[in-house]
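For reference, upload.csv is printed below; it contains CSV, C-alpha atoms.
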chain,number,residue,atom,x,y,z
C,1,MET,CA,-4.0,-0.1,49.9
C,2,ASP,CA,-4.7,2.7,52.5
C,3,MET,CA,-6.2,6.1,51.7
C,4,ARG,CA,-2.8,7.8,51.5
C,5,GLU,CA,-1.6,5.2,48.8
C,6,ARG,CA,-4.8,5.7,46.9
C,7,LEU,CA,-4.3,9.5,47.0
C,8,GLY,CA,-0.7,9.1,45.9
C,9,LEU,CA,-1.5,7.1,42.9
C,10,ALA,CA,-4.4,9.3,42.0
C,11,GLY,CA,-2.2,12.4,42.3
C,12,ARG,CA,0.3,10.9,39.8
C,13,ARG,CA,-2.3,10.1,37.2
C,14,PRO,CA,-2.6,13.7,35.8
C,15,LEU,CA,1.2,13.8,35.4
C,16,ILE,CA,1.2,10.4,33.6
C,17,LEU,CA,-1.6,11.4,31.3
C,18,ALA,CA,0.2,14.7,30.5
C,19,ALA,CA,3.4,12.8,29.6
C,20,LEU,CA,1.4,10.4,27.4
C,21,LEU,CA,-0.3,13.3,25.7
C,22,ALA,CA,3.1,15.0,25.0
C,23,ALA,CA,4.4,11.8,23.5
C,24,LEU,CA,1.4,11.6,21.2
C,25,CYS,CA,1.8,15.2,20.1
C,26,ALA,CA,5.5,14.5,19.3
C,27,LEU,CA,4.4,11.7,17.0
C,28,GLY,CA,1.9,13.7,15.0
C,29,PRO,CA,3.8,15.4,12.1
C,30,ALA,CA,6.3,12.6,11.7
C,31,ALA,CA,3.8,9.7,11.6
C,32,GLY,CA,1.2,11.6,9.7
C,33,SER,CA,0.7,11.4,5.9
C,34,ALA,CA,0.5,14.2,3.4
C,35,HIS,CA,-2.9,15.9,3.1
C,36,ALA,CA,-4.7,15.2,-0.2
C,37,VAL,CA,-5.1,18.3,-2.4
C,38,LYS,CA,-7.4,18.7,-5.4
C,39,LEU,CA,-5.4,20.5,-8.1
C,40,THR,CA,-5.4,21.4,-11.8
C,41,TYR,CA,-2.1,21.5,-13.7
C,42,ILE,CA,-2.2,23.7,-16.9
C,43,GLY,CA,0.9,23.6,-19.0
C,44,ASP,CA,2.5,23.9,-22.4
C,45,SER,CA,4.7,21.5,-24.4
C,46,LYS,CA,7.4,21.5,-21.8
C,47,ALA,CA,5.0,20.2,-19.1
C,48,ALA,CA,3.3,18.0,-21.7
C,49,ALA,CA,6.3,15.6,-21.2
C,50,ILE,CA,4.4,14.4,-18.2
C,51,GLU,CA,1.8,12.8,-20.5
C,52,PHE,CA,4.5,10.5,-21.9
C,53,SER,CA,6.0,9.5,-18.5
C,54,PRO,CA,3.9,7.1,-16.4
C,55,ALA,CA,6.4,7.6,-13.6
C,56,ALA,CA,5.8,11.3,-13.6
C,57,GLN,CA,2.0,10.8,-13.7
C,58,ARG,CA,2.1,8.4,-10.7
C,59,LEU,CA,4.3,10.8,-8.7
C,60,LEU,CA,2.1,13.8,-9.4
C,61,ALA,CA,-1.0,11.9,-8.4
C,62,ARG,CA,0.5,10.4,-5.2
C,63,GLY,CA,-1.8,11.5,-2.4
C,64,HIS,CA,-3.6,14.1,-4.6
C,65,THR,CA,-6.5,14.4,-7.0
C,66,VAL,CA,-5.1,15.8,-10.2
C,67,ARG,CA,-6.5,17.1,-13.5
C,68,ARG,CA,-3.8,17.5,-16.1
C,69,ASP,CA,-4.3,19.9,-19.0
C,70,LEU,CA,-0.9,20.0,-20.8
C,71,LYS,CA,-1.0,21.1,-24.4
C,72,VAL,CA,1.6,21.8,-27.0
C,73,CYS,CA,1.7,25.4,-28.3
C,74,ARG,CA,-0.4,26.8,-25.4
C,75,ARG,CA,-0.1,30.5,-24.4
C,76,LEU,CA,-1.4,32.3,-21.4
C,77,VAL,CA,-4.0,34.7,-22.8
C,78,ALA,CA,-3.1,35.5,-26.4
C,79,PRO,CA,-4.4,33.0,-29.0
C,80,SER,CA,-2.3,29.8,-28.8
C,81,CYS,CA,-0.2,28.7,-31.8
C,82,SER,CA,-1.1,25.6,-33.7
C,83,TYR,CA,0.7,22.2,-33.8
C,84,GLN,CA,-0.2,19.5,-36.2
C,85,GLY,CA,-3.4,21.2,-37.0
C,86,VAL,CA,-4.5,21.6,-33.3
C,87,THR,CA,-4.8,24.9,-31.5
C,88,PRO,CA,-5.2,24.5,-27.7
C,89,THR,CA,-7.2,26.7,-25.5
C,90,THR,CA,-5.2,29.4,-23.7
C,91,ALA,CA,-4.5,29.0,-20.0
C,92,LEU,CA,-7.1,31.7,-19.2
C,93,LYS,CA,-9.7,30.0,-21.3
C,94,ALA,CA,-9.1,26.7,-19.6
C,95,ILE,CA,-9.4,28.3,-16.2
C,96,ARG,CA,-12.8,29.8,-17.2
C,97,ASN,CA,-14.0,26.5,-18.6
C,98,TYR,CA,-13.2,24.6,-15.4
C,99,GLY,CA,-14.8,27.2,-13.2
C,100,THR,CA,-15.0,26.3,-9.6
C,101,GLY,CA,-13.9,22.8,-10.4
C,102,LEU,CA,-10.3,23.9,-10.6
C,103,GLY,CA,-9.7,22.7,-7.1
C,104,THR,CA,-7.7,24.0,-4.2
C,105,VAL,CA,-4.4,24.6,-6.1
C,106,LEU,CA,-3.7,25.6,-9.7
C,107,VAL,CA,-0.3,24.9,-11.3
C,108,ILE,CA,0.6,27.2,-14.2
C,109,ASP,CA,3.5,26.0,-16.4
C,110,VAL,CA,3.1,28.3,-19.4
C,111,GLY,CA,5.4,30.8,-21.1
C,112,TYR,CA,7.7,29.5,-23.7
C,113,ASN,CA,5.3,30.6,-26.5
C,114,ASP,CA,4.6,34.0,-24.9
C,115,THR,CA,6.5,37.3,-25.0
C,116,SER,CA,7.7,39.4,-22.1
C,117,SER,CA,6.1,42.5,-23.4
C,118,THR,CA,2.6,41.2,-22.6
C,119,TYR,CA,3.4,38.6,-19.9
C,120,ARG,CA,2.9,40.8,-16.8
C,121,GLY,CA,-0.7,41.9,-17.7
C,122,GLN,CA,-1.6,38.4,-18.8
C,123,LEU,CA,-0.2,36.9,-15.5
C,124,ASN,CA,-2.5,39.3,-13.6
C,125,GLN,CA,-5.5,38.2,-15.7
C,126,VAL,CA,-4.8,34.5,-15.0
C,127,MET,CA,-4.3,35.2,-11.2
C,128,ARG,CA,-7.6,37.1,-11.0
C,129,ALA,CA,-9.5,34.4,-12.9
C,130,ALA,CA,-8.1,31.6,-10.7
C,131,LEU,CA,-8.7,33.3,-7.4
C,132,ASN,CA,-12.2,34.3,-8.5
C,133,ARG,CA,-13.0,30.6,-9.0
C,134,GLY,CA,-12.0,29.6,-5.5
C,135,VAL,CA,-8.3,28.5,-5.9
C,136,LYS,CA,-6.4,29.0,-2.6
C,137,GLY,CA,-3.0,29.2,-4.2
C,138,VAL,CA,-1.2,29.2,-7.5
C,139,VAL,CA,2.1,27.4,-8.1
C,140,TRP,CA,3.8,29.2,-11.0
C,141,VAL,CA,6.7,27.4,-12.7
C,142,ASN,CA,9.2,29.7,-14.3
C,143,LEU,CA,11.2,29.2,-17.5
C,144,ARG,CA,14.6,27.5,-18.0
C,145,ALA,CA,16.7,30.4,-19.4
C,146,ARG,CA,20.3,29.5,-18.6
C,147,GLY,CA,22.5,27.4,-20.9
C,148,LEU,CA,20.1,27.3,-23.9
C,149,ARG,CA,21.5,27.2,-27.4
C,150,PRO,CA,20.5,29.4,-29.0
C,151,PRO,CA,19.9,31.7,-26.0
C,152,HIS,CA,16.4,33.2,-25.4
C,153,PRO,CA,16.8,36.5,-23.6
C,154,ASP,CA,13.1,36.9,-23.4
C,155,TYR,CA,12.8,34.0,-21.0
C,156,SER,CA,14.9,35.8,-18.4
C,157,LYS,CA,12.6,38.8,-18.7
C,158,ILE,CA,9.6,36.6,-18.2
C,159,ASN,CA,11.2,35.1,-15.1
C,160,ALA,CA,11.8,38.6,-13.8
C,161,ILE,CA,8.2,39.4,-14.2
C,162,ILE,CA,7.1,36.3,-12.4
C,163,ASN,CA,9.4,37.1,-9.5
C,164,GLN,CA,8.2,40.7,-9.2
C,165,SER,CA,4.6,39.5,-9.3
C,166,LEU,CA,5.2,37.7,-6.0
C,167,GLN,CA,5.0,41.0,-4.3
C,168,ARG,CA,1.5,41.8,-5.7
C,169,TRP,CA,0.0,38.3,-5.3
C,170,PRO,CA,0.4,36.7,-1.8
C,171,ARG,CA,-1.3,33.5,-3.1
C,172,LEU,CA,1.3,33.1,-5.9
C,173,TYR,CA,4.1,30.6,-5.2
C,174,LEU,CA,7.2,30.3,-7.4
C,175,ALA,CA,8.5,26.9,-8.4
C,176,ASN,CA,11.9,28.0,-9.6
C,177,TRP,CA,12.6,25.6,-12.4
C,178,ASN,CA,15.3,27.8,-13.8
C,179,ALA,CA,17.4,27.5,-10.6
C,180,TYR,CA,16.3,23.9,-9.9
C,181,THR,CA,17.6,22.6,-13.2
C,182,ARG,CA,21.1,24.1,-12.8
C,183,GLY,CA,23.6,21.3,-12.9
C,184,LYS,CA,21.0,18.6,-13.7
C,185,PRO,CA,22.0,15.9,-16.2
C,186,ALA,CA,21.6,16.5,-19.9
C,187,SER,CA,19.5,13.3,-20.0
C,188,TRP,CA,16.7,15.4,-18.5
C,189,PHE,CA,16.3,17.5,-21.7
C,190,GLY,CA,15.8,17.3,-25.4
C,191,HIS,CA,18.2,18.9,-27.8
C,192,ASP,CA,16.8,22.4,-27.3
C,193,GLY,CA,17.3,22.2,-23.5
C,194,ILE,CA,13.6,23.0,-22.9
C,195,HIS,CA,11.5,20.0,-23.7
C,196,LEU,CA,11.9,17.1,-21.3
C,197,THR,CA,12.6,13.4,-21.3
C,198,SER,CA,10.8,11.0,-18.9
C,199,ALA,CA,13.5,11.6,-16.4
C,200,GLY,CA,13.1,15.4,-16.7
C,201,ALA,CA,9.4,15.1,-16.4
C,202,VAL,CA,9.9,13.3,-13.0
C,203,GLY,CA,12.2,16.0,-11.9
C,204,LEU,CA,9.6,18.7,-12.8
C,205,VAL,CA,7.0,16.9,-10.8
C,206,ARG,CA,9.3,16.6,-7.8
C,207,LEU,CA,9.8,20.4,-7.8
C,208,VAL,CA,6.1,21.1,-8.2
C,209,ARG,CA,5.0,18.8,-5.4
C,210,LYS,CA,7.1,20.7,-2.9
C,211,TRP,CA,4.9,23.8,-3.4
C,212,ILE,CA,1.5,22.1,-3.6
C,213,PRO,CA,0.9,21.9,0.2
C,214,ARG,CA,2.1,25.4,0.7
C,215,ALA,CA,-0.2,26.8,-2.0
C,216,ALA,CA,-3.1,24.9,-0.5
C,217,GLN,CA,-2.7,26.9,2.7
C,218,GLY,CA,-3.6,30.1,0.9
C,219,PRO,CA,-1.7,33.5,1.2
C,220,ARG,CA,1.9,33.4,2.0
C,221,PRO,CA,2.8,34.6,5.5
C,222,LEU,CA,5.5,37.2,5.9
C,223,THR,CA,8.0,34.5,6.5
C,224,ALA,CA,7.3,32.8,3.2
C,225,GLN,CA,9.7,32.6,0.3
C,226,LEU,CA,9.9,35.3,-2.4
C,227,GLY,CA,11.3,33.1,-5.1
C,228,PHE,CA,14.8,32.4,-3.7
C,229,ASP,CA,14.1,28.9,-2.6
C,230,TYR,CA,17.2,27.3,-4.3
C,231,PRO,CA,20.4,29.2,-3.4
C,232,THR,CA,23.1,28.5,-5.9
C,233,GLY,CA,26.1,29.8,-4.0
C,234,PRO,CA,27.3,32.1,-1.2
C,235,GLY,CA,25.2,35.2,-1.1
C,236,THR,CA,23.0,34.3,-4.1
C,237,PHE,CA,19.3,33.6,-4.4
C,238,GLY,CA,18.9,31.3,-7.4
C,239,GLU,CA,17.6,33.2,-10.4
C,240,VAL,CA,15.6,35.8,-8.6
C,241,VAL,CA,15.3,39.2,-10.1
C,242,PHE,CA,13.8,41.7,-7.7
C,243,GLY,CA,12.2,45.0,-8.4
C,244,PRO,CA,14.4,48.2,-8.4
C,245,SER,CA,12.7,49.3,-5.1
C,246,GLN,CA,14.2,46.5,-3.1
C,247,THR,CA,17.4,47.3,-1.3
C,248,SER,CA,20.2,44.9,0.0
C,249,ALA,CA,18.9,45.4,3.5
C,250,GLU,CA,15.4,44.3,2.4
C,251,LEU,CA,16.8,41.2,0.8
C,252,ARG,CA,18.8,40.3,3.9
C,253,GLY,CA,15.7,40.8,6.0
C,254,GLY,CA,13.7,38.6,3.8
C,255,ALA,CA,16.4,35.9,4.0
C,256,GLN,CA,16.4,36.0,7.8
C,257,LEU,CA,12.6,35.8,7.9
C,258,ILE,CA,12.7,32.7,5.7
C,259,ALA,CA,15.5,31.1,7.7
C,260,HIS,CA,13.3,31.3,10.9
C,261,SER,CA,10.0,30.3,9.3
C,262,PRO,CA,8.3,27.2,10.7
C,263,PRO,CA,7.7,24.0,8.7
C,264,VAL,CA,4.3,24.1,7.1
C,265,GLY,CA,3.6,20.5,6.2
C,266,SER,CA,4.5,16.9,6.7
C,267,ASN,CA,5.1,16.3,3.0
C,268,LEU,CA,7.7,18.9,2.3
C,269,GLY,CA,10.7,16.7,2.8
C,270,GLY,CA,13.4,16.2,0.1
C,271,ALA,CA,13.4,13.3,-2.3
C,272,SER,CA,10.6,11.4,-0.5
C,273,ASP,CA,8.0,13.8,-1.9
C,274,GLY,CA,5.5,13.3,0.9
C,275,VAL,CA,6.7,9.9,2.2
C,276,THR,CA,7.9,9.8,5.8
C,277,GLY,CA,11.7,9.7,5.6
C,278,LEU,CA,14.4,8.3,8.0
C,279,ARG,CA,14.1,11.2,10.4
C,280,GLY,CA,10.3,10.7,10.6
C,281,VAL,CA,10.8,7.0,11.3
C,282,LEU,CA,13.3,7.7,14.1
C,283,THR,CA,11.0,10.3,15.6
C,284,PHE,CA,8.1,7.8,15.5
C,285,ALA,CA,10.2,5.1,17.1
C,286,GLY,CA,11.4,7.4,19.8
C,287,GLY,CA,7.9,8.5,20.7
C,288,ALA,CA,6.6,5.0,20.7
C,289,ALA,CA,9.5,4.0,23.1
C,290,ILE,CA,8.5,6.8,25.4
C,291,MET,CA,4.9,5.7,25.5
C,292,LEU,CA,5.9,2.1,26.1
C,293,PHE,CA,8.2,3.1,29.0
C,294,LEU,CA,5.5,5.2,30.6
C,295,ILE,CA,2.9,2.5,30.4
C,296,VAL,CA,5.3,-0.1,31.9
C,297,VAL,CA,6.3,2.3,34.8
C,298,THR,CA,2.6,3.1,35.5
C,299,THR,CA,1.6,-0.5,35.5
C,300,GLN,CA,4.4,-1.5,37.9
C,301,ALA,CA,3.6,1.3,40.3
C,302,ALA,CA,0.0,0.3,40.4
C,303,ARG,CA,0.8,-3.3,41.0
C,304,ARG,CA,3.2,-2.4,43.9
C,305,ARG,CA,0.5,-0.3,45.6
C,306,LEU,CA,-2.1,-3.0,45.1
C,307,SER,CA,0.1,-5.7,46.6

Let's see the structure in the file written out as structure tokens.
Amino acid sequence: MDMRERLGLAGRRPLILAALLAALCALGPAAGSAHAVKLTYIGDSKAAAIEFSPAAQRLLARGHTVRRDLKVCRRLVAPSCSYQGVTPTTALKAIRNYGTGLGTVLVIDVGYNDTSSTYRGQLNQVMRAALNRGVKGVVWVNLRARGLRPPHPDYSKINAIINQSLQRWPRLYLANWNAYTRGKPASWFGHDGIHLTSAGAVGLVRLVRKWIPRAAQGPRPLTAQLGFDYPTGPGTFGEVVFGPSQTSAELRGGAQLIAHSPPVGSNLGGASDGVTGLRGVLTFAGGAAIMLFLIVVTTQAARRRLS
């Protein structure tokens, strides 16, 4: 091989390396696994169905380190009610007890035993306590209010308070259980439409898991959701109730920001709940094929120049 051939091959090497690097970058998010998150899940009797569903427990713990504190009759801050002679700690008391051991993410699923008249102030107390103990984000599960017999108007008021609180707390993320459960089978619920069967507990965990990686990132960017993550029809935004100061133009602007927001994690895909789906597999295969092709072309070119 003369000097010109050597220089020609050497000149191509940066381009080949750049192409290989680009292929590797394309593989990253699709081939990667979900990041493990340490979290604490504090809930009342609705969430306590997870304790009776091994499938829900396994799904919740998949890829994460989880502490479950799910108690019947729990309230946010006011003294909890009693069930079968047991009075659980309040959500606020539990947070204080765990201290800095809460982890990166806190899930709050409490409200069916509370009243709307005190919920806003108590939500603020819980948020302050959690953030003061090092939590990066709080996933707050709202209440199922539609289709209950008898109806519970106070649940809708509590949901409105949660939605409005998103504007105050950028580390608060809404898991919209009220909208998510619309149209779900009756087999998910007990006779009251609130308490859950094992199937319902699995459904609850699937919803919560979607928000764990987002909450682990800390404050919401401007493009993040403000509660309307499950549209239920043209021009609607789930069960969101916005404050009176928000105009239609602001809502449209928020929707546009969300529509153009980038993905924030590899484990936010649908039913896979953190497992790489078909699209990820195809992306991985395509990237691998590109890498193999480049390696073969590079090897053949080198052999021709050496011969």

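Taking atom CA of C:Val135 as the reference point, atom CA of C:Thr40 is found at 9.7 Å.
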
Skipping near chain neighbours, those fewer than 6 positions away, what residues fall within 12 Å of C:Gln125 using all atoms listed in the file, listed as a count of residues only? 14

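Relative to atom CA of C:Lys210, atom CA of C:Leu102 is found at 19.3 Å.
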
Mind giving me the straight-line distance from atom CA of C:Leu59 to atom CA of C:Ala199 in Å, one decimal? 12.0 Å

Mind checking which residues fall within 12 Å of stretch 112-115 of chain C, counting all atoms listed in the file, ignoring those fewer than 3 positions away in the same chain, and posting them as a ChimeraX atom specification? /C:43-47,71-82,90-91,109,118-123,141-145,152-159,161,194-195

Surrounding residues of C:Tyr173 excluding itself and chain neighbours under 2 positions, 8 Å, all atoms listed in the file, as a VMD selection string: chain C and resid 137 to 140 166 170 to 171 175 211 215 226 to 227

Just the selected residues (C-alpha atoms), exported as a tab-separated table (two decimals), in the frame of the given file, please.
chain	number	residue	atom	x	y	z
C	137	GLY	CA	-3.00	29.20	-4.20
C	138	VAL	CA	-1.20	29.20	-7.50
C	139	VAL	CA	2.10	27.40	-8.10
C	140	TRP	CA	3.80	29.20	-11.00
C	166	LEU	CA	5.20	37.70	-6.00
C	170	PRO	CA	0.40	36.70	-1.80
C	171	ARG	CA	-1.30	33.50	-3.10
C	175	ALA	CA	8.50	26.90	-8.40
C	211	TRP	CA	4.90	23.80	-3.40
C	215	ALA	CA	-0.20	26.80	-2.00
C	226	LEU	CA	9.90	35.30	-2.40
C	227	GLY	CA	11.30	33.10	-5.10

Quick one: residues within 12 Å of C:Thr197, only C-alpha atoms, excluding same-chain residues fewer than 4 positions away - as a list in words? Ser45, Lys46, Ala47, Ala48, Ala49, Ile50, Glu51, Phe52, Ser53, Pro54, Ala55, Ala56, Pro185, Ala186, Ser187, Trp188, Phe189, Gly190, His191, Asp192, Gly193, Ala201, Val202, Gly203 and Leu204 of chain C
